[in-house]
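A.B. asks: Submitted below is the structure of interest, expressed as structure tokens.
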Amino acid sequence: MKTAYPVVFTKLDDGYAVHVPDFPLDTQGDTLAEAIEMVRDAIGIMGIDMEDEKKPLPIPSSMESVACEPGAFVSMVDIDFLAYRRTHERRSVRRNVTLPSWLDAEAAKAGLNVSAVLQTALKQELHMTDHR
């Protein structure tokens, strides 16, 4: 699910402090570009954790409803939680796969890693070139 959340950026002597009103999180960056990258990453991590815990994601506030101190500014930061998960989640899952015993024996005799072959076949079937 792709969405955008309002984010408050505050200029510091050595970069930017960042606050996300819709999530209980703050981060920072040495440059504005780094601060945007850091906050997008923080929202992504928190969002997929919430999804995994079956908690609802916060509905984004409107940019106009977010107050900020003088010298700070509000901007929207987009996040695609599905794309974030695909890009950053590296855990493996165990699947029980059934195949004929003769095929399993031939694969073993050929020294094939059945899991690797299955992953390659699934990526090909799904028209994927890598983990994304």
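Naming scheme: A, B, ... for chains in displayed order of the structure tokens; residues 1 onward per chain; ligands 1 onward as shown.
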Write out, as JSON lines, each residue of stretch 59-101 of chain A that has an atom at most 12 Å from stretch 22-40 of chain A, together with the closest pair of atoms and their distance in Å to one decimal, counting only C-alpha atoms, rows going by chain and rising number.

C.D. replies:
```
{"residue": "A:Ile59", "atom": "CA", "partner": "A:Asp22", "partner_atom": "CA", "distance": 7.6}
{"residue": "A:Pro60", "atom": "CA", "partner": "A:Asp22", "partner_atom": "CA", "distance": 6.5}
{"residue": "A:Ser61", "atom": "CA", "partner": "A:Asp22", "partner_atom": "CA", "distance": 6.8}
{"residue": "A:Ser62", "atom": "CA", "partner": "A:Asp22", "partner_atom": "CA", "distance": 10.2}
{"residue": "A:Met63", "atom": "CA", "partner": "A:Asp22", "partner_atom": "CA", "distance": 11.1}
{"residue": "A:Ser65", "atom": "CA", "partner": "A:Asp22", "partner_atom": "CA", "distance": 11.3}
{"residue": "A:Val66", "atom": "CA", "partner": "A:Asp22", "partner_atom": "CA", "distance": 9.7}
{"residue": "A:Phe73", "atom": "CA", "partner": "A:Leu32", "partner_atom": "CA", "distance": 11.7}
{"residue": "A:Val74", "atom": "CA", "partner": "A:Ile36", "partner_atom": "CA", "distance": 11.8}
{"residue": "A:Ser75", "atom": "CA", "partner": "A:Ile36", "partner_atom": "CA", "distance": 9.7}
{"residue": "A:Met76", "atom": "CA", "partner": "A:Ile36", "partner_atom": "CA", "distance": 9.7}
{"residue": "A:Val77", "atom": "CA", "partner": "A:Arg40", "partner_atom": "CA", "distance": 6.7}
{"residue": "A:Asp78", "atom": "CA", "partner": "A:Arg40", "partner_atom": "CA", "distance": 7.2}
{"residue": "A:Ile79", "atom": "CA", "partner": "A:Arg40", "partner_atom": "CA", "distance": 6.4}
{"residue": "A:Asp80", "atom": "CA", "partner": "A:Arg40", "partner_atom": "CA", "distance": 9.4}
{"residue": "A:Phe81", "atom": "CA", "partner": "A:Arg40", "partner_atom": "CA", "distance": 10.1}
{"residue": "A:Tyr84", "atom": "CA", "partner": "A:Arg40", "partner_atom": "CA", "distance": 9.4}
```

A.B. asks: Going by DSSP on the backbone, which bits of stretch 29-126 of chain A are strand (DSSP E)? Write them as a PyMOL selection string, please.

C.D. replies: chain A and resi 29+72-80

A.B. asks: For A:Ile45, find every residue with an atom within 9 Å (counting only C-alpha atoms), except residues of its own chain fewer than 2 positions away, and show them as a PyMOL selection string.

C.D. replies: chain A and resi 40-43+47-50+81+84-85+88

A.B. asks: Within 12 Å of A:Leu118, counting only C-alpha atoms, which residues show up once you throw out same-chain ones fewer than 4 positions away? Write them as a PyMOL selection string, please.

C.D. replies: chain A and resi 95-99+107+112-114+122-125

A.B. asks: Just to be explicit: take each residue in the selection above, keep C-alpha atoms, and write the result as a PDB file, in the first residue's frame.

C.D. replies:
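Output file out.pdb is given in full below:
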```pdb
ATOM      1  CA  ARG A  95       7.446 -24.273   2.978  1.00  0.00           C
ATOM      2  CA  ASN A  96       6.473 -27.903   2.763  1.00  0.00           C
ATOM      3  CA  VAL A  97       6.772 -28.936  -0.882  1.00  0.00           C
ATOM      4  CA  THR A  98       5.533 -32.245  -2.219  1.00  0.00           C
ATOM      5  CA  LEU A  99       7.214 -33.871  -5.209  1.00  0.00           C
ATOM      6  CA  ALA A 107      17.698 -34.065  -7.869  1.00  0.00           C
ATOM      7  CA  LEU A 112      20.785 -29.951  -6.943  1.00  0.00           C
ATOM      8  CA  ASN A 113      19.668 -27.631  -4.173  1.00  0.00           C
ATOM      9  CA  VAL A 114      15.891 -28.084  -4.524  1.00  0.00           C
ATOM     10  CA  LEU A 122       9.194 -19.007  -8.887  1.00  0.00           C
ATOM     11  CA  LYS A 123      11.057 -15.834  -9.852  1.00  0.00           C
ATOM     12  CA  GLN A 124      10.860 -16.842 -13.508  1.00  0.00           C
ATOM     13  CA  GLU A 125       7.153 -17.622 -13.231  1.00  0.00           C
TER      14      GLU A 125
END
```

A.B. asks: If I take atom CA of A:Val18 and atom CA of A:Arg90, how far is one from the other in Å, to one decimal?

C.D. replies: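 Here the two named atoms are 27.2 Å from each other.
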
A.B. asks: Go ahead and compute the interatomic distance for atom CA of A:Leu82 and atom CA of A:Thr3, in Å to one decimal.

C.D. replies: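 Atom CA of A:Leu82 sits 10.8 Å away from atom CA of A:Thr3.
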
A.B. asks: Give the helix (DSSP H, G or I) residues of stretch 2-124 of chain A, as DSSP finds them on the backbone, and put them as a PyMOL selection string.

C.D. replies: chain A and resi 32-52+63-65+81-88+101-109+114-124

A.B. asks: Rounded to one decimal, what separation in Å do you get between atom CA of A:Ser92 and atom CA of A:Met128?

C.D. replies: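 Going from atom CA of A:Ser92 over to atom CA of A:Met128, I get 17.2 Å.
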
A.B. asks: Find, counting only C-alpha atoms, the residue in A:Pro21, A:Gly15, A:Pro100, A:Gly44 that gets nearest to A:Ala67.

C.D. replies: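 Once distances to A:Ala67 are computed over only C-alpha atoms, the minimum belongs to A:Pro21.
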